[in-house]
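Novice: My structure file final.cif, mmCIF, C-alpha atoms, is below:
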data_input
#
loop_
_atom_site.label_atom_id
_atom_site.label_comp_id
_atom_site.auth_asym_id
_atom_site.auth_seq_id
_atom_site.Cartn_x
_atom_site.Cartn_y
_atom_site.Cartn_z
CA MET A 23 246.56 132.44 195.04
CA PRO A 24 246.31 128.77 193.90
CA SER A 25 246.67 128.33 190.16
CA LYS A 26 246.94 125.69 187.46
CA PRO A 27 248.58 125.56 184.01
CA LEU A 28 246.89 126.76 180.83
CA LYS A 29 247.25 124.46 177.83
CA VAL A 30 246.81 125.74 174.26
CA VAL A 31 245.34 123.34 171.69
CA SER A 32 244.58 123.94 168.02
CA ALA A 33 240.96 123.74 166.85
CA ASN A 34 242.10 121.33 164.12
CA ASP A 35 243.16 118.73 166.68
CA VAL A 36 239.85 117.51 168.10
CA VAL A 37 241.41 114.41 169.65
CA SER A 38 244.01 116.39 171.61
CA ALA A 39 241.35 118.93 172.58
CA THR A 40 239.08 116.18 173.92
CA ILE A 41 241.91 114.69 175.99
CA ALA A 42 242.80 118.16 177.27
CA LEU A 43 239.16 118.82 178.18
CA ALA A 44 239.07 115.60 180.19
CA ASP A 45 241.93 117.01 182.26
CA VAL A 46 239.97 120.27 182.58
CA LEU A 47 236.98 118.43 184.04
CA ALA A 48 239.37 116.64 186.41
CA GLU A 49 240.60 120.12 187.43
CA LYS A 50 244.20 119.35 186.42
CA GLN A 51 244.56 122.24 183.95
CA ALA A 52 242.76 124.91 181.95
CA VAL A 53 242.52 125.03 178.16
CA PHE A 54 242.43 127.63 175.43
CA VAL A 55 241.52 126.34 171.96
CA SER A 56 243.22 128.47 169.33
CA PRO A 57 241.75 129.14 165.87
CA PRO A 58 242.41 126.34 163.38
CA GLU A 59 245.69 125.92 161.58
CA ILE A 60 245.75 127.08 157.97
CA ASN A 61 247.95 125.04 155.61
CA GLY A 62 249.65 123.53 158.65
CA VAL A 63 250.45 126.91 160.20
CA ARG A 64 248.93 127.69 163.59
CA PRO A 65 247.75 131.30 164.02
CA VAL A 66 249.87 133.38 166.37
CA VAL A 67 248.25 133.52 169.80
CA GLU A 68 249.46 136.31 172.06
CA GLY A 69 248.59 137.61 175.50
CA LEU A 70 247.67 134.31 177.17
CA PRO A 71 248.89 133.63 180.72
CA GLU A 72 250.91 130.53 181.52
CA THR A 73 248.71 129.82 184.55
CA VAL A 74 245.18 130.74 185.61
CA ASP A 75 243.18 130.79 188.85
CA GLU A 76 242.31 127.30 190.05
CA GLN A 77 238.58 127.94 189.43
CA VAL A 78 239.13 128.52 185.70
CA GLY A 79 238.71 125.63 183.28
CA LEU A 80 238.48 127.37 179.92
CA ILE A 81 239.45 130.59 178.25
CA VAL A 82 237.15 131.05 175.26
CA GLU A 83 237.19 133.74 172.63
CA SER A 84 233.88 135.34 171.70
CA SER A 85 232.90 135.56 168.04
CA GLY A 86 233.33 139.30 167.54
CA SER A 87 230.57 139.43 164.92
CA THR A 88 229.92 143.11 165.64
CA GLY A 89 233.36 144.16 166.88
CA VAL A 90 236.60 142.98 168.49
CA PRO A 91 236.55 139.45 170.00
CA LYS A 92 237.27 139.13 173.71
CA ARG A 93 238.65 136.29 175.79
CA ILE A 94 236.40 135.05 178.57
CA GLU A 95 237.44 132.90 181.54
CA LEU A 96 234.97 130.17 182.54
CA LYS A 97 234.82 128.18 185.77
CA THR A 98 235.17 124.40 185.61
CA GLU A 99 232.15 123.87 187.87
CA SER A 100 229.97 125.97 185.57
CA ILE A 101 231.12 124.08 182.47
CA LEU A 102 230.22 120.79 184.16
CA ALA A 103 226.88 122.12 185.39
CA SER A 104 225.97 123.39 181.93
CA ALA A 105 226.72 120.03 180.32
CA GLN A 106 224.81 118.04 182.95
CA ILE A 107 221.61 120.10 183.00
CA SER A 108 221.65 120.25 179.19
CA LEU A 109 221.76 116.45 178.98
CA ASP A 110 219.03 116.20 181.62
CA ALA A 111 216.80 118.55 179.61
CA LEU A 112 217.38 116.58 176.42
CA GLY A 113 216.49 113.24 177.97
CA GLY A 114 219.87 111.86 178.96
CA PRO A 115 223.34 111.24 177.52
CA GLY A 116 223.66 110.54 173.82
CA GLN A 117 226.13 110.56 170.97
CA TRP A 118 226.95 113.98 169.53
CA LEU A 119 227.83 115.07 166.02
CA LEU A 120 230.41 117.87 166.08
CA ALA A 121 229.58 120.28 163.25
CA LEU A 122 230.92 123.51 164.79
CA PRO A 123 234.46 124.82 165.36
CA ILE A 124 235.73 124.05 168.84
CA ASN A 125 237.47 127.38 169.38
CA TYR A 126 234.02 128.79 170.22
CA ILE A 127 231.76 127.82 173.12
CA ALA A 128 229.08 125.95 171.14
CA GLY A 129 231.57 123.52 169.61
CA LEU A 130 233.49 123.12 172.86
CA MET A 131 230.33 122.23 174.78
CA VAL A 132 229.59 119.42 172.30
CA LEU A 133 232.87 117.82 173.40
CA VAL A 134 232.22 118.55 177.09
CA ARG A 135 228.73 116.98 176.90
CA SER A 136 230.26 113.95 175.20
CA LEU A 137 232.79 113.58 178.02
CA VAL A 138 230.16 114.04 180.73
CA GLY A 139 227.86 111.56 178.99
CA GLU A 140 230.77 109.16 178.36
CA THR A 141 230.00 108.93 174.64
CA GLN A 142 232.19 109.10 171.54
CA PRO A 143 231.36 112.05 169.26
CA VAL A 144 231.36 111.84 165.47
CA VAL A 145 233.39 114.71 164.02
CA MET A 146 232.64 116.38 160.70
CA ASN A 147 235.55 117.35 158.47
CA GLN A 148 235.36 121.11 158.87
CA ALA A 149 238.41 121.73 156.68
CA VAL A 150 236.21 121.34 153.59
CA GLY A 151 233.37 123.55 154.78
CA PHE A 152 229.83 122.64 155.82
CA THR A 153 227.56 120.97 153.28
CA PRO A 154 224.27 119.10 153.74
CA GLU A 155 225.81 116.08 152.03
CA GLY A 156 228.79 116.04 154.39
CA PHE A 157 226.47 116.47 157.38
CA ALA A 158 224.30 113.56 156.26
CA ARG A 159 227.30 111.28 155.64
CA ALA A 160 228.73 112.06 159.09
CA SER A 161 225.30 111.55 160.69
CA SER A 162 225.00 108.11 159.09
CA LEU A 163 228.11 107.02 161.06
CA MET A 164 226.40 107.63 164.41
CA THR A 165 225.60 104.49 166.38
CA GLY A 166 224.33 105.87 169.69
CA GLU A 167 220.81 105.10 170.90
CA ARG A 168 220.26 108.83 171.35
CA ARG A 169 221.71 111.33 168.89
CA TYR A 170 222.33 115.07 169.24
CA THR A 171 224.02 117.87 167.39
CA SER A 172 224.44 121.63 167.69
CA LEU A 173 224.15 123.98 164.70
CA VAL A 174 223.92 127.66 163.80
CA PRO A 175 221.05 129.05 161.68
CA THR A 176 223.14 129.25 158.49
CA GLN A 177 223.77 125.50 158.66
CA LEU A 178 220.12 124.82 159.43
CA ASN A 179 219.04 126.87 156.39
CA ARG A 180 221.26 124.80 154.11
CA LEU A 181 219.98 121.55 155.57
CA ALA A 182 216.36 122.65 155.20
CA ALA A 183 216.93 123.60 151.56
CA ALA A 184 218.49 120.18 150.86
CA ALA A 185 215.90 118.20 152.84
CA GLY A 186 213.16 119.22 150.43
CA SER A 187 214.74 117.25 147.56
CA ASP A 188 217.24 114.88 149.19
CA ASP A 189 215.62 111.96 151.01
CA PHE A 190 218.96 110.87 152.52
CA VAL A 191 219.53 114.27 154.15
CA LEU A 192 215.98 114.32 155.52
CA ALA A 193 216.27 110.76 156.84
CA GLN A 194 219.46 111.61 158.73
CA LEU A 195 217.93 114.77 160.19
CA ARG A 196 214.98 112.75 161.49
CA ARG A 197 217.33 110.37 163.32
CA PHE A 198 218.40 113.05 165.80
CA ASP A 199 216.68 113.19 169.17
CA ALA A 200 217.49 116.90 169.27
CA ILE A 201 219.16 119.39 166.97
CA LEU A 202 220.18 122.44 169.00
CA VAL A 203 220.27 125.70 167.06
CA GLY A 204 221.65 128.91 168.52
CA GLY A 205 224.11 131.74 168.07
CA GLN A 206 221.41 133.99 166.62
CA ALA A 207 217.70 133.82 165.89
CA PRO A 208 216.92 131.14 163.30
CA SER A 209 214.51 131.64 160.42
CA ARG A 210 210.97 130.93 161.63
CA ALA A 211 210.11 129.48 158.22
CA THR A 212 213.10 127.13 158.38
CA VAL A 213 212.29 125.90 161.90
CA GLU A 214 208.60 125.40 161.10
CA LEU A 215 209.38 123.58 157.84
CA LEU A 216 211.78 121.15 159.52
CA ARG A 217 209.44 120.52 162.44
CA GLU A 218 206.62 119.75 159.99
CA LEU A 219 208.99 117.24 158.35
CA GLY A 220 209.51 115.50 161.69
CA VAL A 221 212.88 117.03 162.62
CA LYS A 222 213.33 117.77 166.33
CA ILE A 223 214.64 121.34 166.56
CA VAL A 224 215.50 122.93 169.91
CA GLU A 225 216.07 126.69 169.84
CA THR A 226 218.70 127.68 172.39
CA TYR A 227 219.70 130.97 173.98
CA GLY A 228 222.95 131.66 175.76
CA MET A 229 226.41 133.05 175.26
CA THR A 230 230.01 132.33 176.14
CA GLU A 231 229.57 133.77 179.66
CA THR A 232 226.75 131.27 180.36
CA CYS A 233 228.77 128.32 178.99
CA GLY A 234 226.56 128.26 175.91
CA GLY A 235 222.82 127.68 175.70
CA CYS A 236 221.00 127.80 179.04
CA VAL A 237 217.46 128.47 177.80
CA TYR A 238 215.83 125.85 175.53
CA ASP A 239 212.76 126.81 173.50
CA GLY A 240 212.26 129.78 175.81
CA VAL A 241 212.42 127.70 179.02
CA PRO A 242 215.44 128.11 181.37
CA LEU A 243 217.31 124.91 182.16
CA ALA A 244 217.13 123.51 185.69
CA GLY A 245 218.50 126.01 188.22
CA VAL A 246 218.86 128.81 185.68
CA GLY A 247 217.12 132.06 186.61
CA VAL A 248 216.05 134.61 184.01
CA ALA A 249 214.86 138.14 184.80
CA ILE A 250 214.15 141.29 182.79
CA MET A 251 215.91 144.42 184.04
CA ASP A 252 214.19 147.82 184.19
CA ASP A 253 215.88 148.80 180.91
CA GLY A 254 214.62 145.62 179.23
CA ARG A 255 217.93 143.75 179.26
CA ILE A 256 217.97 140.05 180.10
CA ALA A 257 219.74 138.98 183.30
CA ILE A 258 220.73 135.35 183.83
CA GLY A 259 221.70 133.63 187.06
CA GLY A 260 222.36 130.09 188.16
CA PRO A 261 224.96 127.34 187.91
CA THR A 262 225.94 127.96 184.27
CA ILE A 263 227.32 131.46 184.88
CA GLY A 264 230.96 130.77 184.13
CA VAL A 265 232.62 134.10 184.85
CA PRO A 266 234.56 133.87 188.15
CA GLY A 267 233.23 136.09 190.93
CA THR A 268 229.89 136.63 189.15
CA SER A 269 226.58 135.09 190.23
CA ARG A 270 224.44 136.94 187.70
CA PHE A 271 225.24 138.00 184.15
CA VAL A 272 223.40 140.96 182.61
CA THR A 273 223.32 140.47 178.86
CA ASN A 274 223.15 143.08 176.14
CA ASP A 275 219.96 141.50 174.82
CA ILE A 276 216.46 142.91 175.20
CA GLY A 277 213.72 140.43 176.06
CA GLU A 278 210.37 139.78 177.67
CA ILE A 279 208.61 136.98 179.54
CA THR A 280 205.52 135.77 177.68
CA GLU A 281 202.19 134.79 179.24
CA ASP A 282 203.24 131.13 179.22
CA GLN A 283 206.45 132.08 181.10
CA ARG A 284 208.83 131.66 178.18
CA LEU A 285 211.69 134.00 177.38
CA ARG A 286 211.30 135.88 174.11
CA ILE A 287 214.36 137.61 172.68
CA LEU A 288 213.53 140.98 171.14
CA GLY A 289 217.02 141.99 170.01
CA ARG A 290 220.31 143.43 171.14
CA ALA A 291 220.34 146.70 173.03
CA ASP A 292 223.22 147.97 170.89
CA ARG A 293 221.31 147.13 167.68
CA VAL A 294 218.40 149.54 168.12
CA ILE A 295 218.28 152.53 165.77
CA ASN A 296 216.52 155.83 166.36
CA SER A 297 215.12 157.19 163.11
CA GLY A 298 213.40 160.55 163.55
CA GLY A 299 212.53 159.68 167.14
CA ILE A 300 211.21 156.22 166.27
CA LYS A 301 213.15 153.23 167.64
CA LEU A 302 213.52 149.98 165.76
CA ALA A 303 215.53 146.83 166.65
CA LEU A 304 217.64 145.51 163.79
CA ASP A 305 217.00 141.99 165.04
CA ALA A 306 213.28 142.64 164.42
CA VAL A 307 214.16 143.80 160.91
CA GLU A 308 216.03 140.55 160.21
CA ASP A 309 213.28 138.42 161.76
CA TRP A 310 210.63 140.10 159.59
CA ALA A 311 212.73 139.82 156.43
CA ARG A 312 213.14 136.07 156.96
CA THR A 313 209.35 135.67 156.93
CA GLN A 314 208.99 137.18 153.45
CA PRO A 315 208.34 134.99 150.39
CA GLY A 316 211.51 133.65 148.80
CA ILE A 317 213.83 135.02 151.51
CA LEU A 318 216.15 132.60 153.28
CA ASP A 319 218.30 134.78 155.53
CA ALA A 320 218.93 138.42 156.42
CA ALA A 321 221.55 140.61 158.08
CA ALA A 322 221.16 144.30 158.94
CA ILE A 323 223.52 147.05 160.07
CA ALA A 324 222.84 150.59 161.26
CA VAL A 325 223.90 153.54 159.10
CA SER A 326 223.65 157.30 159.48
CA ASN A 327 220.95 159.31 157.76
CA PRO A 328 221.43 163.07 157.33
CA GLU A 329 217.76 163.84 157.93
CA PHE A 330 216.49 161.25 160.38
CA GLY A 331 219.64 160.39 162.34
CA ASP A 332 219.66 156.58 161.94
CA SER A 333 218.66 154.17 159.23
CA PHE A 334 219.73 150.67 158.22
CA VAL A 335 220.91 148.50 155.38
CA CYS A 336 219.58 144.96 155.26
CA TRP A 337 221.01 142.28 152.98
CA VAL A 338 218.80 139.30 152.16
CA SER A 339 219.63 135.97 150.55
CA ASN A 340 217.07 133.95 148.62
CA VAL A 341 215.92 130.38 148.92
CA PRO A 342 217.22 128.26 146.01
CA GLY A 343 215.37 129.06 142.81
CA SER A 344 213.92 132.35 144.05
CA SER A 345 214.84 135.91 143.07
CA GLU A 346 212.32 137.73 145.26
CA ILE A 347 213.20 141.17 146.60
CA ILE A 348 211.90 142.96 149.66
CA ASN A 349 208.75 145.00 149.10
CA THR A 350 209.57 148.37 150.68
CA ASP A 351 205.91 149.30 151.23
CA ALA A 352 205.38 146.01 153.06
CA ALA A 353 208.50 146.70 155.13
CA ILE A 354 207.23 150.13 156.22
CA ALA A 355 203.80 148.69 157.02
CA ALA A 356 205.33 145.94 159.17
CA LEU A 357 208.29 147.74 160.73
CA GLY A 358 206.97 151.29 160.95
CA LEU A 359 208.22 154.64 159.71
CA ALA A 360 211.74 153.89 160.91
CA ALA A 361 212.04 151.70 157.79
CA ARG A 362 211.18 154.48 155.34
CA THR A 363 214.83 155.36 154.64
CA ALA A 364 216.09 151.76 154.67
CA PHE A 365 218.13 150.24 151.88
CA TRP A 366 217.48 146.60 150.95
CA ALA A 367 219.97 144.57 148.97
CA ASN A 368 220.01 141.02 147.66
CA ILE A 369 223.15 138.97 148.19
CA GLU A 370 223.92 135.40 147.15
CA GLU A 371 224.87 134.37 150.68
CA ILE A 372 225.23 136.24 153.96
CA PRO A 373 228.97 136.25 154.81
CA ALA A 374 229.72 134.33 157.98
CA LEU A 375 232.45 134.04 160.57
CA SER A 376 234.10 130.68 161.19
CA ASN A 377 231.47 129.88 163.84
CA GLY A 378 228.61 130.49 161.40
CA LYS A 379 227.41 133.83 162.77
CA PRO A 380 226.90 136.64 160.21
CA ASP A 381 229.99 138.77 159.67
CA LEU A 382 228.39 142.15 160.31
CA GLN A 383 231.77 143.85 160.44
CA LEU A 384 232.60 142.69 156.89
CA LEU A 385 229.19 143.81 155.65
CA ARG A 386 229.77 147.24 157.20
CA GLU A 387 233.23 147.57 155.66
CA ASN A 388 231.93 146.56 152.22
CA PHE A 389 229.07 149.05 152.46
CA ILE A 390 231.43 151.87 153.40
CA LYS A 391 233.65 150.93 150.46
CA PHE A 392 230.60 150.95 148.18
CA GLN A 393 229.59 154.41 149.44
CA ASN A 394 233.11 155.76 148.90
CA ASP A 395 233.25 154.30 145.38
CA VAL A 396 229.92 155.96 144.50
CA ARG A 397 231.09 159.28 145.94
CA GLU A 398 234.32 159.18 143.94
CA ARG A 399 232.46 158.31 140.73
CA ARG A 400 230.13 161.27 141.28
CA GLU A 401 233.07 163.58 141.81
CA ARG A 402 234.57 162.35 138.53
CA GLY A 403 231.26 162.92 136.76
CA GLU A 404 230.83 159.25 135.90
CA ILE A 405 227.36 159.09 137.46
#
Rewrite the coordinates I just gave you, this time as structure tokens.

Specialist:
Amino acid sequence: MPSKPLKVVSANDVVSATIALADVLAEKQAVFVSPPEINGVRPVVEGLPETVDEQVGLIVESSGSTGVPKRIELKTESILASAQISLDALGGPGQWLLALPINYIAGLMVLVRSLVGETQPVVMNQAVGFTPEGFARASSLMTGERRYTSLVPTQLNRLAAAAGSDDFVLAQLRRFDAILVGGQAPSRATVELLRELGVKIVETYGMTETCGGCVYDGVPLAGVGVAIMDDGRIAIGGPTIGVPGTSRFVTNDIGEITEDQRLRILGRADRVINSGGIKLALDAVEDWARTQPGILDAAAIAVSNPEFGDSFVCWVSNVPGSSEIINTDAAIAALGLAARTAFWANIEEIPALSNGKPDLQLLRENFIKFQNDVRERRERGEI
């Protein structure tokens, strides 16, 4: 079987990664971008092949926000198709601001779109962490006639909070022809606020297997087919399906097609609890929590309940200057009886993975530790 070499590049080295990606698009090699070096030491990467099938252009690691990350092979032709139809949907090639790590698909596709559009990206210094001020400074260096960037909801929340009091941040946000936001559902309040301020937000849906976002504001990109399976899961077909030998990818997300023929994401199939016979999607819990006064972001996990089977814990972070808590009666009224055993907790900031997605695994581990600590204190008679 024909094959080609696999090159490993560190996420810290954006220049080398861009050069390597150019060779990927020329079908000379495949690339795996490893996690960033820490203090000059590259993380140990094991289990990668020296060569891959000639169709493969990238091996990309998924985020693993709810479990163990997996490595996914993507076809070169699908990577190219994704970049081209994305640029077509946005109005043509433009200069990109790289604000995401390139060892995940969203960051990688920023570089691929730059190569396809023959433009020079501006790269944020991700070693110091994301800040609205750093984003605005990097944005001010952009010289392209059209300007794009790709963000995750956590970054968008921070920018929205800063835009209300920092004219420079708001001015830079308004300069973008499109700010793509994906990875998880963004806060409705954040999106609406920024759009009212004249910021062009595009909500994207996709995953590593689809070479990133392939549905923009609920509308599939050119050639992309979206269908709802009998069990409610979303199936995607078309040129952006990157997995070799697969023409259609059945996601683990539940969705529906609205009357105006847009895709609406209802939540993940593996994030639906059953509390006393009543089902509730944790994504719906988070979406509702983000609409409450003073709440900026939310993250929920399922937990066991001795009486009702399932319940959930939902952590919420506040907008700057607010100390609002979730009203449990309002939660039950909005979410139904499945929320009657829920536990709500305020947290300064939702912990995130390096790609900006919420670290649900860390939240779960911390909650289990909290439960064990309480149990031990009870046994000692301290509470």

Novice: Between A:Leu28, A:Val82, A:Val272, A:Leu192, which has the minimum distance to Val248 (chain A) (counting only C-alpha atoms)?

Specialist: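 With only C-alpha atoms as the atom set, the closest residue is A:Val272.
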
Novice: Can you tell me which residues surround Leu202 (chain A) at a distance of at most 9 Å, considering all atoms listed in the file, apart from same-chain residues fewer than 6 positions away, and format the answer as a ChimeraX atom specification?

Specialist: /A:170-174,222-226,235,238

Novice: Include C-alpha atoms and write out the residues we just selected as a compact mmCIF listing (two decimals), keeping the file's coordinate frame.

Specialist:
# COMPACT_ATOMS: atom_id res chain seq x y z
CA TYR A 170 222.33 115.07 169.24
CA THR A 171 224.02 117.87 167.39
CA SER A 172 224.44 121.63 167.69
CA LEU A 173 224.15 123.98 164.70
CA VAL A 174 223.92 127.66 163.80
CA LYS A 222 213.33 117.77 166.33
CA ILE A 223 214.64 121.34 166.56
CA VAL A 224 215.50 122.93 169.91
CA GLU A 225 216.07 126.69 169.84
CA THR A 226 218.70 127.68 172.39
CA GLY A 235 222.82 127.68 175.70
CA TYR A 238 215.83 125.85 175.53

Novice: Would you translate the PyMOL selection byres ((chain A and resi 335) around 10) into the concrete set of residues it matches in this file, as a count of residues only?

Specialist: 21

Novice: Under the rule that all atoms listed in the file are counted, which of A:Gly116, A:Gly62, A:Pro24, A:Gly316 is the nearest residue to Glu76 (chain A)?

Specialist: A:Pro24

Novice: CA of Gly245 (chain A) to CA of Pro261 (chain A): how many Å, to one decimal?

Specialist: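 Rounded to one decimal, the two atoms are 6.6 Å apart.
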
Novice: List the residues selected by the PyMOL selection byres ((chain A and resi 38-45) around 12) in the file shown, writing them as a PyMOL selection string.

Specialist: chain A and resi 26-37+46-56+58+79-81+98+101-102+120+123-125+129-143+145

Novice: When you get a chance, write out N, CA and C atoms for region 125-137 of chain A, as a PDB file, in the coordinates of the input.

Specialist:
ATOM      1  N   ASN A 125     236.872 126.208 168.737  1.00  0.00           N
ATOM      2  CA  ASN A 125     237.470 127.380 169.380  1.00  0.00           C
ATOM      3  C   ASN A 125     236.405 128.368 169.848  1.00  0.00           C
ATOM      4  N   TYR A 126     235.132 128.013 169.680  1.00  0.00           N
ATOM      5  CA  TYR A 126     234.020 128.790 170.220  1.00  0.00           C
ATOM      6  C   TYR A 126     233.219 127.910 171.172  1.00  0.00           C
ATOM      7  N   ILE A 127     232.400 128.537 172.014  1.00  0.00           N
ATOM      8  CA  ILE A 127     231.760 127.820 173.120  1.00  0.00           C
ATOM      9  C   ILE A 127     230.801 126.738 172.641  1.00  0.00           C
ATOM     10  N   ALA A 128     230.063 126.952 171.567  1.00  0.00           N
ATOM     11  CA  ALA A 128     229.080 125.950 171.140  1.00  0.00           C
ATOM     12  C   ALA A 128     229.747 124.638 170.749  1.00  0.00           C
ATOM     13  N   GLY A 129     230.841 124.730 169.996  1.00  0.00           N
ATOM     14  CA  GLY A 129     231.570 123.520 169.610  1.00  0.00           C
ATOM     15  C   GLY A 129     232.243 122.866 170.803  1.00  0.00           C
ATOM     16  N   LEU A 130     232.835 123.668 171.672  1.00  0.00           N
ATOM     17  CA  LEU A 130     233.490 123.120 172.860  1.00  0.00           C
ATOM     18  C   LEU A 130     232.518 122.344 173.739  1.00  0.00           C
ATOM     19  N   MET A 131     231.294 122.886 173.894  1.00  0.00           N
ATOM     20  CA  MET A 131     230.330 122.230 174.780  1.00  0.00           C
ATOM     21  C   MET A 131     229.841 120.905 174.195  1.00  0.00           C
ATOM     22  N   VAL A 132     229.904 120.728 172.884  1.00  0.00           N
ATOM     23  CA  VAL A 132     229.590 119.420 172.300  1.00  0.00           C
ATOM     24  C   VAL A 132     230.580 118.383 172.822  1.00  0.00           C
ATOM     25  N   LEU A 133     231.865 118.743 172.882  1.00  0.00           N
ATOM     26  CA  LEU A 133     232.870 117.820 173.400  1.00  0.00           C
ATOM     27  C   LEU A 133     232.709 117.609 174.907  1.00  0.00           C
ATOM     28  N   VAL A 134     232.399 118.683 175.635  1.00  0.00           N
ATOM     29  CA  VAL A 134     232.220 118.550 177.090  1.00  0.00           C
ATOM     30  C   VAL A 134     231.030 117.646 177.390  1.00  0.00           C
ATOM     31  N   ARG A 135     229.907 117.837 176.670  1.00  0.00           N
ATOM     32  CA  ARG A 135     228.730 116.980 176.900  1.00  0.00           C
ATOM     33  C   ARG A 135     229.050 115.522 176.563  1.00  0.00           C
ATOM     34  N   SER A 136     229.869 115.323 175.544  1.00  0.00           N
ATOM     35  CA  SER A 136     230.260 113.950 175.200  1.00  0.00           C
ATOM     36  C   SER A 136     231.064 113.327 176.321  1.00  0.00           C
ATOM     37  N   LEU A 137     231.987 114.093 176.906  1.00  0.00           N
ATOM     38  CA  LEU A 137     232.790 113.580 178.020  1.00  0.00           C
ATOM     39  C   LEU A 137     231.922 113.303 179.236  1.00  0.00           C
TER      40      LEU A 137
END
